[in-house]
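Worksheet: the structure to be examined is printed underneath.
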Amino acid sequence: MMKEINTLYREMGISEAVLAFGARAEAELKERFEAIEENVEYNQMKVLQAMRKNRVEAACFAATSGYGYNDLGRDKLEAVYADVFHTEAALVRPQIACGTHALAVALSGNLRPGDELLSPVGKPYDTLEEVIGIRPSIGSLAEYGVTYRQVELLEDGGFDYPAIERALNERTRLVTIQRSKGYQTRPTLSVKRIGELIAFIKERKPDVICMVDNCYGEFVERMEPTDVGADLCVGSLIKNPGGGLAPIGGYIAGKEEYVERAAYRLTSPGLGKEVGASLGVMTSFYQGFFLAPTVVGGALKGAIFAANLYEKLGFSVIPNGKESRHDIIQAVTFGNPEAVIAFCRGIQAAAPVDSYVTPEPWAMPGYDSDVIMAAGAFVQGSSIELSADGPIKPPYAVYFQGGLTWQHAKFGILMSLQKLYEAGLVKL
């Protein structure tokens, strides 16, 4: 059987040298993959328990239109999310266009003119810069009189606790903590570390709202940030929790007061969570959430495989091949734009959709440099599906994530290495 599989790989463009190199890396990962499967099982039972508790039924999948009053499926799904995240309430809607939109709704719903927003983990993801007003943009929080300050992480990725304490003041209303690294080479934050940071902040300012950008982190660990004190947890359904099936959407889970404020911002004052038709997407929302722990497990295996493969070739990888994982993103620093482009072209060539397309860097809205993105996805922009992207600027790092199955993630990583090998950018 192995001979037949390798023959198929060769027919799909993977050379003997790349196959052999990948096989050696994979052989060393058996124990780590077994540990991932244990977490998958735990998180699967957690989701299943919430669905059984809330008596999910066939009627939940019925489409609603117009105002969406009394949408049973929508309301039960939000109860399921609240139970999985151990929160008072949740907002899970197709009207939330993406993760940036979910974060913008949560921020603008809970901040008022004169308030200050604090990031104690350095600069946020690029697209949030315009939401905040770090880069001027129409409708930013800055235009509404919300100020912003940030505290950089220490060189070793640790929290600068004295500087955070100095930054907290009477106007600090909300603290935003980005779990994943974004387009940076800092470590991703574990749930444990997030809990320690929140505890430190709450000891000094108990009334502050602690919000976690949980994108790429859901179901990677057995706990979520709301288990360790986060007042709000925000993410995208075309990332981890959608399981590759949700065609759009985002979620905001947390304390009822703060979720309600976000709902009034998403719809309008006086309406809040009462309106918002599900438009026939409930089946994919439920089924995607049900499958999410397994899908995330496959993506994690792919990320670990990529880390080990490229680390063996001498590239800087974050996280490294051995350390614990807290999101599905794997950063590889190549140091030159040609390698970033070749890597992304390999990921694109491995896709089930648009595999014949050649990705090129372009001036993507919301970013301050050209960005190359590779994603042949069933859902446009879905980064729980096999995808890679990176800004074309120093240190020329690429960010790989996703893969609805481990097998597809593995093929994508091998194809990325194949493109680098063919271009003479690596030696095996």
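Letters for chains follow the order of the structure tokens (A, B, ...), residue numbers begin at 1 for each chain, and ligand numbers begin at 1 in the order shown.
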
So which bits of region 148-269 of chain A end up helix (DSSP H, G or I) when you DSSP the backbone, as an MDAnalysis selection string? chainID A and resid 161:167 191:204 225:228 240:242 256:266

Using only C-alpha atoms, which residues sit within 12 Å of Thr294 (chain A) once same-chain residues fewer than 3 positions away are excluded, as a VMD selection string? chain A and resid 36 to 45 47 218 to 220 240 to 244 287 to 291 297 to 301 384 402 to 406

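Computed from the coordinates, the CA of Met211 (chain A) to CA of Gly122 (chain A) distance equals 14.7 Å.
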
Residue neighbourhood region 58-63 of chain A, 10 Å, only C-alpha atoms, exclusion window fewer than 6 positions, as a ChimeraX atom specification: /A:71-77,277-286

Produce a table with one row for each residue of region 317-428 of chain A that has an atom at most 10 Å from any atom of region 4-18 of chain A, each row naming the nearest atom pair and its distance in Å at one decimal; use only C-alpha atoms; arrange rows by chain and rising residue number; format as JSON lines.
```
{"residue": "A:Ala349", "atom": "CA", "partner": "A:Gly13", "partner_atom": "CA", "distance": 9.5}
{"residue": "A:Ala350", "atom": "CA", "partner": "A:Met12", "partner_atom": "CA", "distance": 8.8}
{"residue": "A:Phe411", "atom": "CA", "partner": "A:Tyr9", "partner_atom": "CA", "distance": 8.2}
{"residue": "A:Leu414", "atom": "CA", "partner": "A:Val18", "partner_atom": "CA", "distance": 6.7}
{"residue": "A:Met415", "atom": "CA", "partner": "A:Ile14", "partner_atom": "CA", "distance": 6.5}
{"residue": "A:Ser416", "atom": "CA", "partner": "A:Ile14", "partner_atom": "CA", "distance": 9.8}
{"residue": "A:Leu417", "atom": "CA", "partner": "A:Val18", "partner_atom": "CA", "distance": 7.0}
{"residue": "A:Gln418", "atom": "CA", "partner": "A:Ile14", "partner_atom": "CA", "distance": 6.3}
{"residue": "A:Lys419", "atom": "CA", "partner": "A:Ile14", "partner_atom": "CA", "distance": 9.3}
{"residue": "A:Tyr421", "atom": "CA", "partner": "A:Val18", "partner_atom": "CA", "distance": 8.1}
{"residue": "A:Glu422", "atom": "CA", "partner": "A:Ser15", "partner_atom": "CA", "distance": 9.6}
{"residue": "A:Lys427", "atom": "CA", "partner": "A:Ala17", "partner_atom": "CA", "distance": 9.8}
{"residue": "A:Leu428", "atom": "CA", "partner": "A:Ala17", "partner_atom": "CA", "distance": 7.0}
```

For Leu271 (chain A), work out the shell of residues within 12 Å, counting only C-alpha atoms and skipping chain neighbours fewer than 5 positions away, then give it as a short mmCIF file (atom, residue, chain, number, x, y, z; two decimals) with N, CA and C atoms, in the first residue's frame.
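Written file, out_11.cif:
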```cif
data_model
loop_
_atom_site.label_atom_id
_atom_site.label_comp_id
_atom_site.auth_asym_id
_atom_site.auth_seq_id
_atom_site.Cartn_x
_atom_site.Cartn_y
_atom_site.Cartn_z
N TYR A 67 -36.88 39.60 9.50
CA TYR A 67 -36.37 39.99 10.82
C TYR A 67 -35.73 38.84 11.57
N GLY A 68 -36.17 37.63 11.30
CA GLY A 68 -35.62 36.48 12.01
C GLY A 68 -36.11 36.35 13.43
N TYR A 69 -37.30 36.88 13.71
CA TYR A 69 -37.84 36.74 15.07
C TYR A 69 -38.03 35.27 15.42
N GLU A 260 -24.50 41.55 25.04
CA GLU A 260 -25.69 42.32 24.68
C GLU A 260 -25.30 43.65 24.05
N ARG A 261 -24.30 44.31 24.61
CA ARG A 261 -23.84 45.59 24.04
C ARG A 261 -23.31 45.38 22.62
N ALA A 262 -22.62 44.28 22.41
CA ALA A 262 -22.13 43.98 21.06
C ALA A 262 -23.29 43.72 20.11
N ALA A 263 -24.32 43.04 20.59
CA ALA A 263 -25.49 42.75 19.75
C ALA A 263 -26.20 44.03 19.33
N TYR A 264 -26.28 45.01 20.22
CA TYR A 264 -26.90 46.28 19.86
C TYR A 264 -26.08 47.03 18.82
N ARG A 265 -24.76 46.82 18.84
CA ARG A 265 -23.93 47.44 17.82
C ARG A 265 -24.06 46.70 16.49
N LEU A 266 -24.18 45.38 16.54
CA LEU A 266 -24.29 44.60 15.31
C LEU A 266 -25.58 44.92 14.57
N GLY A 276 -32.18 39.17 13.13
CA GLY A 276 -31.05 38.59 12.42
C GLY A 276 -31.40 37.20 11.93
#
```

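Once region 374-378 of chain A and its same-chain neighbours fewer than 5 positions away are set aside, Cys344, Arg345, Ile347, Gln348, Ala351, Pro352, Val353, Asp354, Ser355, Pro359, Glu385, Leu386, Ser387, Ala388 and Asp389 of chain A remain within 7 Å of it when counting only C-alpha atoms.
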
Please, what distance in Å, to one decimal, runs between CA of His86 (chain A) and CA of Gly254 (chain A)? 8.2 Å

When you look at Thr87 (chain A) with a cut-off of 7 Å (counting only C-alpha atoms), what residues show up, excluding the ones that are within fewer than 5 positions of it in the same chain? I need them as a list of chain:residue names. A:Ala82, A:Thr226, A:Ala253, A:Gly254, A:Lys255

List every residue of region 49-124 of chain A that has an atom at most 10 Å from any atom of region 182-198 of chain A, giving for each one its closest atom pair and the distance in Å to one decimal, counting only C-alpha atoms, sorted by chain and then by ascending residue number, as CSV.
```
residue,atom,partner,partner_atom,distance
A:Pro120,CA,A:Leu197,CA,8.8
A:Val121,CA,A:Leu189,CA,9.4
A:Gly122,CA,A:Arg186,CA,9.7
A:Lys123,CA,A:Gln184,CA,9.1
A:Pro124,CA,A:Gly182,CA,7.5
```

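Between CA of Asp213 (chain A) and CA of Leu232 (chain A) the interatomic distance comes to 8.6 Å.
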
Restricting the calculation to only C-alpha atoms: of A:Glu338, A:Asp327, A:Glu203, A:Glu224, which residue gets closest to Glu360 (chain A)? A:Glu338

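Shortest atom-to-atom contact with Glu257 (chain A) among A:Ala89, A:Leu141, A:Leu420, A:Ala409: A:Ala89, counting only C-alpha atoms.
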
Residues at most 10 Å from Ala104 (chain A), counting only C-alpha atoms, excluding those fewer than 5 positions away in the same chain, as a list in words? Ile96, Cys98, Gly99, Gly109, Asn110, Leu128, Glu130, Val131, Ile132, Ser140, Leu141, Val234, Ala262, Arg265 and Leu266 of chain A

Include C-alpha atoms and write out the residues we just selected as a PDB file, in the first residue's frame.
```pdb
ATOM      1  CA  ILE A  96     -20.759  38.983  11.179  1.00  0.00           C
ATOM      2  CA  CYS A  98     -15.255  37.999   9.402  1.00  0.00           C
ATOM      3  CA  GLY A  99     -13.037  37.944  12.467  1.00  0.00           C
ATOM      4  CA  GLY A 109     -20.237  47.948  21.408  1.00  0.00           C
ATOM      5  CA  ASN A 110     -18.352  48.219  24.684  1.00  0.00           C
ATOM      6  CA  LEU A 128      -7.371  45.809  13.491  1.00  0.00           C
ATOM      7  CA  GLU A 130      -7.707  50.638  11.101  1.00  0.00           C
ATOM      8  CA  VAL A 131     -10.520  49.556  13.414  1.00  0.00           C
ATOM      9  CA  ILE A 132      -8.655  51.161  16.322  1.00  0.00           C
ATOM     10  CA  SER A 140     -12.386  54.023  13.488  1.00  0.00           C
ATOM     11  CA  LEU A 141     -12.608  54.054  17.272  1.00  0.00           C
ATOM     12  CA  VAL A 234     -14.147  36.627  19.867  1.00  0.00           C
ATOM     13  CA  ALA A 262     -22.130  43.976  21.065  1.00  0.00           C
ATOM     14  CA  ARG A 265     -23.927  47.440  17.823  1.00  0.00           C
ATOM     15  CA  LEU A 266     -24.293  44.597  15.313  1.00  0.00           C
TER      16      LEU A 266
END
```

For region 14-94 of chain A versus region 303-320 of chain A, which residues have an atom no more than 8 Å away, and what is each residue's nearest atom pair and distance in Å rounded to one decimal, using only C-alpha atoms, chain-then-number order, as a tab-separated table?
```
residue	atom	partner	partner_atom	distance
A:Phe21	CA	A:Leu309	CA	7.8
A:Gly22	CA	A:Leu309	CA	6.7
A:Ala25	CA	A:Leu309	CA	6.0
A:Glu26	CA	A:Phe305	CA	6.6
A:Leu29	CA	A:Phe305	CA	7.7
```

Those residues with C-alpha atoms, as a PDB file, in the first residue's frame please?
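The file below, out_39.pdb, is the result:
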```
ATOM      1  CA  PHE A  21      12.617  13.961   3.654  1.00  0.00           C
ATOM      2  CA  GLY A  22       8.977  14.269   4.709  1.00  0.00           C
ATOM      3  CA  ALA A  25      10.121  14.022   9.770  1.00  0.00           C
ATOM      4  CA  GLU A  26       6.724  12.343  10.096  1.00  0.00           C
ATOM      5  CA  LEU A  29       5.898  12.663  15.429  1.00  0.00           C
TER       6      LEU A  29
END
```

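Backbone DSSP over region 75-219 of chain A gives strand (DSSP E) for Ala89, Ala90, Leu91, Val92, Arg93, Glu116, Leu117, Leu118, Ser119, Thr147, Tyr148, Arg149, Gln150, Thr172, Arg173, Leu174, Val175, Thr176, Ile177, Gln178, Ile209, Cys210, Met211, Val212 and Asp213 of chain A.
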
Grab the residues selected above and save them as a compact mmCIF listing (two decimals), in the first residue's frame with C-alpha atoms.
```
# COMPACT_ATOMS: atom_id res chain seq x y z
CA ALA A 89 -24.14 34.36 26.62
CA ALA A 90 -22.97 34.21 23.01
CA LEU A 91 -23.65 35.97 19.73
CA VAL A 92 -23.17 33.67 16.70
CA ARG A 93 -24.36 35.24 13.46
CA GLU A 116 -9.17 54.03 26.47
CA LEU A 117 -8.31 50.70 24.87
CA LEU A 118 -5.14 48.93 25.99
CA SER A 119 -3.21 46.15 24.26
CA THR A 147 -7.88 56.50 22.76
CA TYR A 148 -5.42 53.65 22.50
CA ARG A 149 -2.16 52.61 24.01
CA GLN A 150 -0.10 49.44 23.87
CA THR A 172 -8.86 52.16 30.63
CA ARG A 173 -12.19 50.52 29.82
CA LEU A 174 -11.16 47.48 27.77
CA VAL A 175 -8.00 45.39 27.44
CA THR A 176 -7.61 43.45 24.18
CA ILE A 177 -5.40 40.35 24.19
CA GLN A 178 -4.53 38.77 20.85
CA ILE A 209 -13.25 44.37 30.38
CA CYS A 210 -10.73 41.75 29.25
CA MET A 211 -11.37 40.65 25.67
CA VAL A 212 -9.43 37.91 23.88
CA ASP A 213 -9.06 37.69 20.11
```
